[in-house]
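Containing CSV, C-alpha atoms and all ligand atoms: start08.csv.
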chain,number,residue,atom,x,y,z
A,1,MET,CA,-7.2,-90.3,-28.0
A,2,GLU,CA,-4.1,-92.2,-26.8
A,3,TYR,CA,-2.7,-93.6,-30.0
A,4,ASP,CA,0.4,-93.3,-32.3
A,5,PHE,CA,-1.3,-91.9,-35.3
A,6,THR,CA,0.0,-93.1,-38.7
A,7,ALA,CA,-2.1,-90.5,-40.8
A,8,LEU,CA,0.8,-88.1,-41.3
A,9,ASP,CA,3.3,-90.7,-42.6
A,10,ARG,CA,0.7,-92.1,-44.9
A,11,PHE,CA,-0.4,-88.6,-46.1
A,12,LEU,CA,3.2,-87.7,-47.0
A,13,ARG,CA,3.5,-90.9,-49.0
A,14,TYR,CA,0.2,-90.4,-50.8
A,15,VAL,CA,0.7,-86.8,-51.9
A,16,GLN,CA,3.9,-87.7,-53.6
A,17,ILE,CA,2.1,-89.9,-56.0
A,18,ASP,CA,0.6,-88.0,-59.0
A,19,THR,CA,-3.1,-88.8,-59.3
A,20,GLN,CA,-4.4,-85.8,-61.3
A,21,SER,CA,-7.6,-86.7,-63.1
A,22,ASP,CA,-8.4,-85.5,-66.6
A,23,PRO,CA,-11.9,-84.3,-67.6
A,24,HIS,CA,-11.2,-84.8,-71.3
A,25,ALA,CA,-10.4,-88.5,-71.0
A,26,GLU,CA,-13.3,-90.9,-71.4
A,27,THR,CA,-11.8,-93.9,-69.6
A,28,THR,CA,-12.3,-94.9,-66.0
A,29,PRO,CA,-10.1,-94.0,-64.3
A,30,SER,CA,-9.5,-91.0,-66.5
A,31,THR,CA,-5.8,-91.3,-65.9
A,32,GLU,CA,-4.0,-94.7,-65.3
A,33,LYS,CA,-1.7,-93.1,-62.8
A,34,GLN,CA,-4.5,-92.9,-60.2
A,35,LYS,CA,-4.2,-96.6,-59.9
A,36,ASP,CA,-0.6,-96.2,-58.6
A,37,LEU,CA,-2.1,-94.8,-55.4
A,38,SER,CA,-5.0,-97.2,-55.3
A,39,ARG,CA,-2.6,-100.2,-55.6
A,40,LEU,CA,-0.5,-98.8,-52.8
A,41,LEU,CA,-3.6,-98.5,-50.6
A,42,VAL,CA,-4.5,-102.1,-51.2
A,43,LYS,CA,-1.0,-103.2,-50.3
A,44,GLU,CA,-1.1,-101.1,-47.1
A,45,LEU,CA,-4.6,-102.4,-46.2
A,46,LEU,CA,-3.4,-106.0,-46.6
A,47,ALA,CA,-0.4,-105.2,-44.4
A,48,ILE,CA,-2.8,-103.9,-41.8
A,49,GLY,CA,-4.6,-107.2,-41.9
A,50,ILE,CA,-7.6,-106.3,-44.0
A,51,VAL,CA,-7.8,-109.5,-46.0
A,52,ASP,CA,-10.4,-108.6,-48.6
A,53,ALA,CA,-8.8,-105.3,-49.8
A,54,GLU,CA,-8.9,-105.1,-53.6
A,55,MET,CA,-8.8,-102.7,-56.5
A,56,ASP,CA,-11.3,-103.3,-59.3
A,57,GLU,CA,-10.6,-102.7,-63.0
A,58,HIS,CA,-11.8,-99.1,-62.8
A,59,GLY,CA,-9.4,-98.2,-60.0
A,60,TYR,CA,-11.9,-98.4,-57.1
A,61,VAL,CA,-10.6,-99.8,-53.8
A,62,TYR,CA,-13.0,-101.8,-51.6
A,63,ALA,CA,-12.1,-103.2,-48.2
A,64,THR,CA,-13.8,-104.2,-45.0
A,65,ILE,CA,-12.9,-103.6,-41.4
A,66,PRO,CA,-14.8,-106.6,-40.0
A,67,ALA,CA,-17.2,-106.2,-37.1
A,68,ASN,CA,-16.0,-107.2,-33.7
A,69,THR,CA,-19.3,-107.0,-31.8
A,70,GLU,CA,-22.2,-109.4,-31.1
A,71,LYS,CA,-24.7,-106.7,-31.9
A,72,GLN,CA,-26.4,-106.2,-35.2
A,73,VAL,CA,-24.9,-102.9,-36.4
A,74,PRO,CA,-25.7,-101.4,-39.8
A,75,VAL,CA,-22.7,-101.5,-42.2
A,76,ILE,CA,-21.3,-98.0,-42.7
A,77,CYS,CA,-18.9,-96.9,-45.3
A,78,PHE,CA,-16.0,-94.4,-45.1
A,79,CYS,CA,-15.2,-92.9,-48.6
A,80,SER,CA,-12.5,-90.7,-50.0
A,81,HIS,CA,-11.2,-90.0,-53.5
A,82,VAL,CA,-7.7,-90.6,-54.7
A,83,ASP,CA,-7.5,-88.1,-57.6
A,84,THR,CA,-6.4,-84.5,-57.4
A,85,SER,CA,-7.9,-81.5,-59.3
A,86,PRO,CA,-7.0,-80.9,-63.0
A,87,GLU,CA,-6.8,-77.2,-62.1
A,88,SER,CA,-3.3,-77.3,-60.7
A,89,SER,CA,-0.4,-79.7,-61.3
A,90,GLY,CA,-0.1,-82.7,-59.0
A,91,ALA,CA,3.2,-84.0,-60.3
A,92,ASN,CA,6.3,-84.0,-58.1
A,93,VAL,CA,4.5,-82.7,-55.0
A,94,LYS,CA,7.1,-81.9,-52.3
A,95,PRO,CA,5.3,-81.7,-49.0
A,96,ILE,CA,6.8,-79.4,-46.4
A,97,ILE,CA,5.9,-79.5,-42.7
A,98,HIS,CA,5.9,-76.1,-41.0
A,99,LYS,CA,6.3,-77.4,-37.4
A,100,ASN,CA,4.7,-75.5,-34.5
A,101,TYR,CA,3.2,-72.7,-36.6
A,102,GLN,CA,3.4,-69.4,-34.8
A,103,GLY,CA,1.1,-67.3,-37.0
A,104,GLY,CA,2.0,-65.0,-39.9
A,105,THR,CA,2.3,-65.6,-43.6
A,106,ILE,CA,3.7,-68.8,-44.9
A,107,THR,CA,6.0,-68.3,-47.9
A,108,LEU,CA,6.6,-71.3,-50.1
A,109,PRO,CA,10.2,-71.8,-51.0
A,110,ALA,CA,10.0,-72.7,-54.7
A,111,ASP,CA,7.9,-69.7,-55.6
A,112,PRO,CA,8.1,-66.7,-53.2
A,113,ASN,CA,5.0,-65.2,-55.0
A,114,ILE,CA,2.8,-67.9,-53.5
A,115,LYS,CA,2.0,-66.8,-50.0
A,116,ILE,CA,-0.5,-68.3,-47.5
A,117,ASP,CA,-1.6,-65.2,-45.7
A,118,PRO,CA,-3.8,-65.8,-42.6
A,119,GLU,CA,-5.8,-62.7,-43.6
A,120,ALA,CA,-6.8,-64.4,-46.8
A,121,HIS,CA,-7.0,-67.9,-45.1
A,122,PRO,CA,-8.7,-67.1,-41.8
A,123,GLU,CA,-8.8,-70.8,-40.7
A,124,LEU,CA,-5.0,-70.6,-40.5
A,125,LYS,CA,-5.3,-68.1,-37.6
A,126,LYS,CA,-6.8,-70.9,-35.5
A,127,LYS,CA,-3.8,-73.2,-36.0
A,128,ILE,CA,-1.2,-71.6,-33.8
A,129,GLY,CA,1.0,-74.4,-32.5
A,130,ASN,CA,-0.1,-76.9,-35.1
A,131,ASP,CA,2.1,-78.5,-37.7
A,132,ILE,CA,1.0,-77.2,-41.1
A,133,ILE,CA,1.7,-79.1,-44.3
A,134,THR,CA,2.0,-77.3,-47.6
A,135,ALA,CA,3.4,-78.0,-51.0
A,136,ASP,CA,6.6,-76.1,-52.2
A,137,GLY,CA,4.8,-73.5,-54.4
A,138,THR,CA,5.0,-75.4,-57.7
A,139,THR,CA,2.0,-77.7,-57.3
A,140,LEU,CA,-1.1,-78.3,-55.3
A,141,LEU,CA,-0.7,-80.3,-52.1
A,142,GLY,CA,-3.4,-82.9,-52.7
A,143,ALA,CA,-4.8,-82.7,-49.1
A,144,ASP,CA,-8.1,-82.8,-51.1
A,145,ASN,CA,-8.6,-85.6,-50.6
A,146,LYS,CA,-5.5,-87.5,-49.5
A,147,ALA,CA,-6.0,-86.1,-46.0
A,148,GLY,CA,-9.3,-88.1,-46.0
A,149,VAL,CA,-7.6,-91.2,-47.5
A,150,ALA,CA,-4.9,-91.0,-44.9
A,151,ALA,CA,-7.5,-90.6,-42.1
A,152,ILE,CA,-9.5,-93.6,-43.2
A,153,MET,CA,-6.3,-95.7,-43.6
A,154,ASP,CA,-5.4,-94.7,-40.0
A,155,VAL,CA,-8.8,-95.7,-38.8
A,156,ALA,CA,-8.2,-99.2,-40.2
A,157,HIS,CA,-4.8,-99.3,-38.5
A,158,TYR,CA,-6.3,-98.1,-35.2
A,159,PHE,CA,-9.0,-100.8,-35.1
A,160,SER,CA,-6.3,-103.4,-36.0
A,161,LYS,CA,-4.4,-102.3,-32.9
A,162,HIS,CA,-7.5,-101.9,-30.6
A,163,PRO,CA,-9.6,-105.1,-30.9
A,164,GLU,CA,-11.2,-104.1,-27.5
A,165,VAL,CA,-13.0,-101.1,-29.1
A,166,LYS,CA,-16.3,-102.4,-30.4
A,167,HIS,CA,-17.7,-101.5,-33.8
A,168,GLY,CA,-19.8,-103.0,-36.6
A,169,ALA,CA,-18.5,-103.8,-40.1
A,170,ILE,CA,-17.0,-100.7,-41.8
A,171,ARG,CA,-16.6,-100.7,-45.6
A,172,ILE,CA,-13.8,-98.6,-47.0
A,173,LEU,CA,-14.2,-97.1,-50.5
A,174,PHE,CA,-11.6,-95.1,-52.4
A,175,THR,CA,-12.8,-93.7,-55.7
A,176,PRO,CA,-11.0,-92.2,-58.7
A,177,ASP,CA,-12.2,-89.1,-60.7
A,178,GLU,CA,-14.2,-87.3,-58.1
A,179,GLU,CA,-12.7,-84.0,-59.2
A,180,ILE,CA,-14.2,-84.4,-62.6
A,181,GLY,CA,-17.6,-85.4,-61.3
A,182,ARG,CA,-17.4,-89.1,-62.0
A,183,GLY,CA,-16.2,-90.5,-58.7
A,184,ALA,CA,-19.4,-92.4,-57.9
A,185,ASP,CA,-20.2,-93.4,-61.5
A,186,LYS,CA,-18.7,-96.9,-61.3
A,187,VAL,CA,-19.3,-97.7,-57.6
A,188,ASP,CA,-20.9,-101.1,-57.3
A,189,VAL,CA,-23.3,-100.2,-54.5
A,190,LYS,CA,-24.5,-103.8,-54.1
A,191,LYS,CA,-21.0,-105.1,-53.8
A,192,LEU,CA,-20.2,-102.3,-51.3
A,193,GLY,CA,-23.0,-103.5,-49.2
A,194,ALA,CA,-23.2,-100.6,-46.8
A,195,GLU,CA,-26.3,-99.0,-45.5
A,196,PHE,CA,-25.0,-95.6,-44.7
A,197,GLY,CA,-21.9,-93.7,-45.9
A,198,TYR,CA,-19.7,-90.8,-45.1
A,199,THR,CA,-17.3,-89.0,-47.4
A,200,VAL,CA,-14.3,-87.7,-45.5
A,201,ASP,CA,-13.6,-84.7,-47.8
A,202,GLY,CA,-14.5,-81.7,-45.7
A,203,GLU,CA,-12.6,-78.6,-44.8
A,204,ALA,CA,-12.5,-77.0,-41.4
A,205,LEU,CA,-11.9,-78.9,-38.2
A,206,GLY,CA,-15.3,-80.1,-36.8
A,207,SER,CA,-17.3,-79.5,-40.0
A,208,PHE,CA,-20.1,-81.6,-41.2
A,209,GLU,CA,-22.2,-81.2,-44.3
A,210,ASP,CA,-25.4,-82.9,-45.3
A,211,GLU,CA,-26.3,-80.7,-48.2
A,212,THR,CA,-24.6,-80.1,-51.6
A,213,PHE,CA,-25.5,-78.2,-54.7
A,214,SER,CA,-27.7,-79.7,-57.4
A,215,ALA,CA,-25.7,-79.6,-60.6
A,216,ASP,CA,-26.2,-79.7,-64.3
A,217,MET,CA,-23.9,-79.1,-67.2
A,218,VAL,CA,-25.1,-77.3,-70.3
A,219,ASN,CA,-23.4,-77.9,-73.7
A,220,ILE,CA,-24.1,-75.3,-76.3
A,221,THR,CA,-23.0,-75.8,-79.9
A,222,ILE,CA,-23.4,-73.0,-82.5
A,223,GLU,CA,-22.9,-73.7,-86.2
A,224,GLY,CA,-22.1,-70.6,-88.1
A,225,VAL,CA,-21.8,-69.9,-91.8
A,226,ASN,CA,-18.3,-69.7,-93.3
A,227,PHE,CA,-17.2,-67.9,-96.4
A,228,HIS,CA,-13.8,-66.7,-97.8
A,229,PRO,CA,-13.4,-63.5,-95.8
A,230,GLY,CA,-12.7,-61.6,-99.1
A,231,PHE,CA,-16.1,-62.4,-100.5
A,232,ALA,CA,-18.1,-62.8,-97.3
A,233,LYS,CA,-20.2,-59.6,-97.2
A,234,GLY,CA,-23.8,-60.3,-96.2
A,235,LYS,CA,-23.1,-64.1,-96.1
A,236,LEU,CA,-20.7,-65.0,-93.3
A,237,GLU,CA,-22.0,-65.6,-89.8
A,238,SER,CA,-19.4,-66.2,-87.3
A,239,ALA,CA,-20.1,-68.8,-84.6
A,240,LEU,CA,-17.2,-67.3,-82.6
A,241,LYS,CA,-18.9,-63.9,-82.5
A,242,ALA,CA,-22.3,-65.4,-81.7
A,243,ALA,CA,-20.7,-67.3,-78.8
A,244,SER,CA,-19.0,-64.1,-77.6
A,245,GLU,CA,-22.3,-62.2,-77.7
A,246,LEU,CA,-23.8,-64.9,-75.6
A,247,ILE,CA,-21.1,-64.5,-72.9
A,248,ALA,CA,-21.3,-60.7,-73.1
A,249,ALA,CA,-25.1,-60.9,-72.6
A,250,LEU,CA,-24.8,-62.7,-69.2
A,251,PRO,CA,-25.6,-60.7,-66.1
A,252,LYS,CA,-22.5,-58.9,-64.8
A,253,ASP,CA,-23.3,-58.5,-61.1
A,254,THR,CA,-25.0,-61.8,-60.3
A,255,TRP,CA,-25.3,-65.3,-61.7
A,256,SER,CA,-21.5,-66.1,-61.5
A,257,PRO,CA,-19.3,-67.8,-59.0
A,258,GLU,CA,-17.4,-64.6,-58.5
A,259,THR,CA,-20.6,-62.6,-57.6
A,260,THR,CA,-22.4,-65.2,-55.4
A,261,ASP,CA,-22.0,-66.9,-52.1
A,262,GLY,CA,-24.0,-68.5,-49.3
A,263,ARG,CA,-27.2,-70.1,-50.7
A,264,GLU,CA,-27.1,-68.4,-54.1
A,265,GLY,CA,-26.5,-70.5,-57.1
A,266,PHE,CA,-24.7,-69.6,-60.4
A,267,VAL,CA,-24.4,-70.1,-64.1
A,268,HIS,CA,-20.8,-70.5,-65.0
A,269,PRO,CA,-19.3,-70.5,-68.5
A,270,TYR,CA,-16.5,-73.0,-68.0
A,271,GLU,CA,-15.0,-73.6,-71.4
A,272,MET,CA,-15.3,-72.3,-74.9
A,273,LYS,CA,-13.8,-73.5,-78.2
A,274,ALA,CA,-14.7,-71.3,-81.1
A,275,GLY,CA,-14.1,-70.7,-84.8
A,276,ILE,CA,-16.1,-69.2,-87.6
A,277,GLU,CA,-17.9,-72.5,-88.4
A,278,LYS,CA,-18.5,-73.8,-85.0
A,279,ALA,CA,-18.4,-72.8,-81.4
A,280,GLU,CA,-18.8,-75.1,-78.4
A,281,LEU,CA,-19.5,-73.7,-75.0
A,282,THR,CA,-19.7,-75.6,-71.7
A,283,PHE,CA,-21.6,-74.1,-68.7
A,284,ILE,CA,-22.0,-75.5,-65.2
A,285,ILE,CA,-25.2,-74.6,-63.5
A,286,ARG,CA,-25.5,-74.8,-59.7
A,287,SER,CA,-28.2,-74.3,-57.1
A,288,PHE,CA,-29.3,-75.8,-53.8
A,289,GLU,CA,-32.9,-75.9,-55.3
A,290,ASP,CA,-33.7,-78.0,-58.3
A,291,ALA,CA,-36.4,-75.6,-59.4
A,292,VAL,CA,-33.9,-72.7,-59.5
A,293,LEU,CA,-31.6,-74.9,-61.5
A,294,SER,CA,-34.2,-75.3,-64.2
A,295,GLU,CA,-35.0,-71.6,-64.1
A,296,TYR,CA,-31.3,-70.7,-64.7
A,297,GLU,CA,-31.3,-73.1,-67.7
A,298,ARG,CA,-34.5,-71.6,-69.1
A,299,GLN,CA,-33.1,-68.1,-68.8
A,300,LEU,CA,-29.8,-69.1,-70.4
A,301,GLU,CA,-31.6,-70.7,-73.4
A,302,THR,CA,-33.8,-67.6,-73.7
A,303,THR,CA,-30.6,-65.4,-73.9
A,304,LEU,CA,-29.1,-67.7,-76.5
A,305,ILE,CA,-32.3,-67.6,-78.6
A,306,ASP,CA,-32.1,-63.8,-78.4
A,307,VAL,CA,-28.5,-63.7,-79.6
A,308,MET,CA,-29.2,-66.2,-82.4
A,309,ARG,CA,-31.8,-63.9,-83.9
A,310,ARG,CA,-28.9,-61.8,-85.0
A,311,PHE,CA,-27.4,-64.8,-86.8
A,312,PRO,CA,-30.4,-66.0,-88.8
A,313,LYS,CA,-28.6,-68.6,-91.0
A,314,SER,CA,-26.7,-70.2,-88.1
A,315,THR,CA,-28.0,-73.0,-85.9
A,316,TYR,CA,-27.5,-74.0,-82.4
A,317,SER,CA,-28.1,-76.9,-79.9
A,318,PHE,CA,-28.7,-76.6,-76.2
A,319,GLU,CA,-28.1,-79.7,-74.2
A,320,VAL,CA,-28.6,-80.1,-70.5
A,321,LYS,CA,-26.8,-83.0,-68.7
A,322,GLU,CA,-27.6,-83.8,-65.1
A,323,GLN,CA,-24.5,-84.1,-62.9
A,324,TYR,CA,-25.7,-84.6,-59.4
A,325,ARG,CA,-28.5,-83.6,-57.0
A,326,ASN,CA,-28.6,-82.0,-53.5
A,327,MET,CA,-28.3,-85.0,-51.1
A,328,LYS,CA,-30.3,-83.3,-48.4
A,329,ASN,CA,-33.6,-85.0,-48.9
A,330,VAL,CA,-32.0,-88.4,-49.0
A,331,VAL,CA,-29.9,-87.8,-45.9
A,332,ASN,CA,-32.7,-86.2,-43.9
A,333,ALA,CA,-34.8,-89.3,-44.3
A,334,CYS,CA,-32.3,-91.2,-42.1
A,335,PRO,CA,-31.7,-88.6,-39.3
A,336,GLN,CA,-29.4,-90.9,-37.3
A,337,VAL,CA,-26.7,-90.7,-40.0
A,338,SER,CA,-26.2,-87.0,-39.2
A,339,GLU,CA,-27.0,-87.3,-35.5
A,340,TYR,CA,-24.2,-89.8,-34.9
A,341,ALA,CA,-21.7,-87.8,-37.0
A,342,ILE,CA,-22.4,-84.7,-34.9
A,343,ALA,CA,-22.2,-86.8,-31.7
A,344,ALA,CA,-18.8,-88.2,-32.9
A,345,ILE,CA,-17.4,-84.7,-33.6
A,346,GLU,CA,-18.5,-83.6,-30.1
A,347,ARG,CA,-17.0,-86.7,-28.5
A,348,SER,CA,-13.7,-85.7,-30.1
A,349,GLY,CA,-13.9,-82.5,-28.1
A,350,LEU,CA,-14.8,-80.3,-31.1
A,351,GLU,CA,-17.5,-77.8,-31.8
A,352,PRO,CA,-19.5,-79.2,-34.8
A,353,ILE,CA,-19.8,-76.8,-37.7
A,354,THR,CA,-22.7,-77.8,-39.9
A,355,GLY,CA,-23.1,-76.3,-43.4
A,356,SER,CA,-23.8,-76.8,-47.0
A,357,ILE,CA,-21.3,-77.5,-49.7
A,358,ARG,CA,-21.1,-75.1,-52.6
A,359,GLY,CA,-20.1,-78.0,-54.8
A,360,GLY,CA,-20.7,-81.7,-55.0
A,361,THR,CA,-19.1,-84.8,-53.5
A,362,ASP,CA,-19.2,-88.4,-54.4
A,363,GLY,CA,-21.7,-88.5,-51.6
A,364,SER,CA,-24.2,-86.5,-53.6
A,365,LYS,CA,-24.5,-89.2,-56.2
A,366,LEU,CA,-24.0,-92.1,-53.8
A,367,SER,CA,-27.0,-90.7,-51.8
A,368,PHE,CA,-29.2,-91.1,-54.8
A,369,MET,CA,-27.7,-94.6,-55.5
A,370,GLY,CA,-29.2,-95.7,-52.2
A,371,LEU,CA,-26.3,-94.9,-49.8
A,372,PRO,CA,-27.1,-91.7,-47.8
A,373,CYS,CA,-23.7,-90.2,-47.6
A,374,PRO,CA,-23.0,-86.8,-45.9
A,375,ASN,CA,-19.5,-85.3,-45.6
A,376,ILE,CA,-17.1,-85.1,-42.6
A,377,PHE,CA,-14.1,-82.9,-42.3
A,378,ALA,CA,-10.6,-84.1,-43.2
A,379,GLY,CA,-8.8,-80.8,-42.5
A,380,GLU,CA,-8.1,-79.9,-46.1
A,381,HIS,CA,-7.9,-76.1,-47.0
A,382,SER,CA,-7.6,-74.0,-50.1
A,383,PHE,CA,-8.5,-76.8,-52.4
A,384,HIS,CA,-7.2,-77.1,-55.9
A,385,SER,CA,-4.5,-74.4,-55.5
A,386,LYS,CA,-0.8,-74.1,-54.8
A,387,MET,CA,-1.8,-72.5,-51.5
A,388,GLU,CA,-3.4,-75.7,-50.3
A,389,TRP,CA,-2.6,-76.6,-46.7
A,390,ALA,CA,-3.5,-79.0,-44.0
A,391,SER,CA,-2.9,-79.3,-40.3
A,392,VAL,CA,-1.4,-82.6,-38.9
A,393,GLN,CA,-3.4,-82.1,-35.7
A,394,ASP,CA,-6.7,-81.7,-37.6
A,395,MET,CA,-6.0,-84.8,-39.6
A,396,GLN,CA,-5.6,-86.7,-36.4
A,397,LYS,CA,-8.8,-85.3,-35.1
A,398,ALA,CA,-10.5,-86.6,-38.2
A,399,VAL,CA,-9.2,-90.1,-37.4
A,400,GLU,CA,-10.5,-89.8,-33.8
A,401,THR,CA,-13.9,-88.6,-35.1
A,402,LEU,CA,-14.3,-91.5,-37.5
A,403,VAL,CA,-13.3,-94.0,-34.7
A,404,ASN,CA,-15.9,-92.4,-32.4
A,405,LEU,CA,-18.5,-92.5,-35.2
A,406,ALA,CA,-18.0,-96.2,-35.7
A,407,CYS,CA,-18.3,-96.7,-31.9
A,408,ILE,CA,-21.5,-94.6,-31.7
A,409,TRP,CA,-23.1,-96.7,-34.4
A,410,GLU,CA,-22.3,-99.8,-32.3
A,411,GLU,CA,-23.4,-98.3,-29.0
A,412,ARG,CA,-26.8,-97.2,-30.3
A,413,SER,CA,-27.6,-100.3,-32.3
B,501,ZN,ZN,-12.3,-83.5,-52.6
Could you spell out this file's structure in structure tokens?
Ligand SMILES: [Zn+2]
Amino acid sequence: MEYDFTALDRFLRYVQIDTQSDPHAETTPSTEKQKDLSRLLVKELLAIGIVDAEMDEHGYVYATIPANTEKQVPVICFCSHVDTSPESSGANVKPIIHKNYQGGTITLPADPNIKIDPEAHPELKKKIGNDIITADGTTLLGADNKAGVAAIMDVAHYFSKHPEVKHGAIRILFTPDEEIGRGADKVDVKKLGAEFGYTVDGEALGSFEDETFSADMVNITIEGVNFHPGFAKGKLESALKAASELIAALPKDTWSPETTDGREGFVHPYEMKAGIEKAELTFIIRSFEDAVLSEYERQLETTLIDVMRRFPKSTYSFEVKEQYRNMKNVVNACPQVSEYAIAAIERSGLEPITGSIRGGTDGSKLSFMGLPCPNIFAGEHSFHSKMEWASVQDMQKAVETLVNLACIWEERS
């Protein structure tokens, strides 16, 4: 594509704005600072000439690239999230461009212990000659998902410069709090007014995903019996010990993120707060099959009941909360959504890599809110860590793919 891409400049600007979300906050957005980026995006969209760009009270950005064709084309939506993961600091991100990467390990200047080794990051081996962006070793980069945000912004810019390229109306949606599983919660689907959507939050160049995990959270509370330790014989029941026994009773060689891959799911104790009187445990449960999800939960509760037999005066609660569901059934009901995406990737000169996400996206929930919404690559790698990296050339290919996708929807309508 002959075009002066703006994705890199935008990306470098966006990653320097701290937008880390916070799972413990109850507000939307979970952190006010996410609005700093959302506000900037609205300003830049207005500057591009997108007159209806706006941020709502919850920090969601809505905007429209208006149709420029006579044809009736379904409204599609491109969606990315502005927040970064709570797992690694996103404050004072200092992006570094490693121009014309020639292979070998990338060492990050602020912490020589953080190395990006192509043996551990095989995708990097394919990027010889690319310009690789990393952080400096003290923070994550935030390519997840600011590479996607920058790509979508550049698509808006591209169409403003190329009125001769025909497309239907494209809705832009930037969400907060995706990393804490709430990105789609406050999306006003009616106001969005799109028929089909795409999150731009995928990893490898050319990748496309129409399947995510189904996900539940399980909260377990154990109430023990507390006594002065000097006089506790035969009376005290420690909630902390009961909780520890539950964790110890979990399978060692299966069931966990560290022992599963591919299409296997897992049961993952995620957080524990425990004392004598009370223990609170949070698990996340994941599987591509809803039936397996329920089976995991049944087995976990059975294990808990078993442990609690040894703590007869203590009580417990076991609460399952639905987080999101595998989008596949919804997306497969409208095959053109995936077909056109694959065609767009091919038209950009790439080999499509289709797969399943061992996680969720805003698209998983949006699909069940009436907006079938698979995921397209943005060129982000090593999510949520200080080793996060992205390739400038991949980001530009993401822009090209989205432009082609909008054109294909127009052509085939
Ligand atoms: Zn993401």
If you measure from atom CA of Val307 of chain A to atom CA of Thr260 of chain A, what distance in Å do you get, rounded to one decimal?
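Answer for the atom CA of Val307 of chain A to atom CA of Thr260 of chain A separation: 25.0 Å.
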Just the residues within 9 Å of segment 395-407 of chain A, please, counting all atoms listed in the file, with nothing from its chain fewer than 4 positions along; format it as a VMD selection string.
chain A and resid 1 5 to 8 76 78 147 to 148 150 to 155 158 to 159 165 to 170 200 205 to 206 340 to 348 350 376 to 380 390 to 391 411 to 412
Using only C-alpha atoms and all ligand atoms, what does the table of chain A residues within 9 Å of ligand ZN 501 (chain B) look like, with each row giving the shortest atom pair and its distance in Å to one decimal, sorted by chain and ascending number, as JSON lines?
{"residue": "A:Ser80", "atom": "CA", "partner": "B:ZN501", "partner_atom": "ZN", "distance": 7.7}
{"residue": "A:His81", "atom": "CA", "partner": "B:ZN501", "partner_atom": "ZN", "distance": 6.7}
{"residue": "A:Val82", "atom": "CA", "partner": "B:ZN501", "partner_atom": "ZN", "distance": 8.7}
{"residue": "A:Asp83", "atom": "CA", "partner": "B:ZN501", "partner_atom": "ZN", "distance": 8.3}
{"residue": "A:Thr84", "atom": "CA", "partner": "B:ZN501", "partner_atom": "ZN", "distance": 7.7}
{"residue": "A:Ser85", "atom": "CA", "partner": "B:ZN501", "partner_atom": "ZN", "distance": 8.3}
{"residue": "A:Gly142", "atom": "CA", "partner": "B:ZN501", "partner_atom": "ZN", "distance": 8.9}
{"residue": "A:Ala143", "atom": "CA", "partner": "B:ZN501", "partner_atom": "ZN", "distance": 8.3}
{"residue": "A:Asp144", "atom": "CA", "partner": "B:ZN501", "partner_atom": "ZN", "distance": 4.5}
{"residue": "A:Asn145", "atom": "CA", "partner": "B:ZN501", "partner_atom": "ZN", "distance": 4.7}
{"residue": "A:Lys146", "atom": "CA", "partner": "B:ZN501", "partner_atom": "ZN", "distance": 8.5}
{"residue": "A:Gly148", "atom": "CA", "partner": "B:ZN501", "partner_atom": "ZN", "distance": 8.6}
{"residue": "A:Glu178", "atom": "CA", "partner": "B:ZN501", "partner_atom": "ZN", "distance": 6.9}
{"residue": "A:Glu179", "atom": "CA", "partner": "B:ZN501", "partner_atom": "ZN", "distance": 6.6}
{"residue": "A:Val200", "atom": "CA", "partner": "B:ZN501", "partner_atom": "ZN", "distance": 8.5}
{"residue": "A:Asp201", "atom": "CA", "partner": "B:ZN501", "partner_atom": "ZN", "distance": 5.1}
{"residue": "A:Gly202", "atom": "CA", "partner": "B:ZN501", "partner_atom": "ZN", "distance": 7.5}
{"residue": "A:Gly360", "atom": "CA", "partner": "B:ZN501", "partner_atom": "ZN", "distance": 8.9}
{"residue": "A:Thr361", "atom": "CA", "partner": "B:ZN501", "partner_atom": "ZN", "distance": 7.0}
{"residue": "A:Asp362", "atom": "CA", "partner": "B:ZN501", "partner_atom": "ZN", "distance": 8.7}
{"residue": "A:Glu380", "atom": "CA", "partner": "B:ZN501", "partner_atom": "ZN", "distance": 8.5}
{"residue": "A:Phe383", "atom": "CA", "partner": "B:ZN501", "partner_atom": "ZN", "distance": 7.7}
{"residue": "A:His384", "atom": "CA", "partner": "B:ZN501", "partner_atom": "ZN", "distance": 8.8}
Taking the point (-8.6, -79.9, -64.8) as given in the file, collect each protein or nucleic acid residue that comes within 8 Å of it, counting all atoms listed in the file, and present the set as a PyMOL selection string.
chain A and resi 21-23+85-88+180
File dump, residues just selected, C-alpha atoms, as a PDB file, in the coordinates of the input:
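Ended up saving to result38.pdb:
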ATOM      1  CA  SER A  21      -7.600 -86.700 -63.100  1.00  0.00           C
ATOM      2  CA  ASP A  22      -8.400 -85.500 -66.600  1.00  0.00           C
ATOM      3  CA  PRO A  23     -11.900 -84.300 -67.600  1.00  0.00           C
ATOM      4  CA  SER A  85      -7.900 -81.500 -59.300  1.00  0.00           C
ATOM      5  CA  PRO A  86      -7.000 -80.900 -63.000  1.00  0.00           C
ATOM      6  CA  GLU A  87      -6.800 -77.200 -62.100  1.00  0.00           C
ATOM      7  CA  SER A  88      -3.300 -77.300 -60.700  1.00  0.00           C
ATOM      8  CA  ILE A 180     -14.200 -84.400 -62.600  1.00  0.00           C
TER       9      ILE A 180
END
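The space separating atom CA of Phe213 of chain A from atom CA of Glu264 of chain A comes to 9.9 Å.
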For Tyr270 of chain A, which of A:Ser364, A:Gln20, A:Ser256, A:Thr105 is the closest residue, counting only C-alpha atoms?
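Under the stated criterion, the closest residue is A:Ser256.
Atom pair atom CA of Thr28 of chain A / atom CA of Glu57 of chain A has a distance of 8.5 Å (rounded to one decimal).
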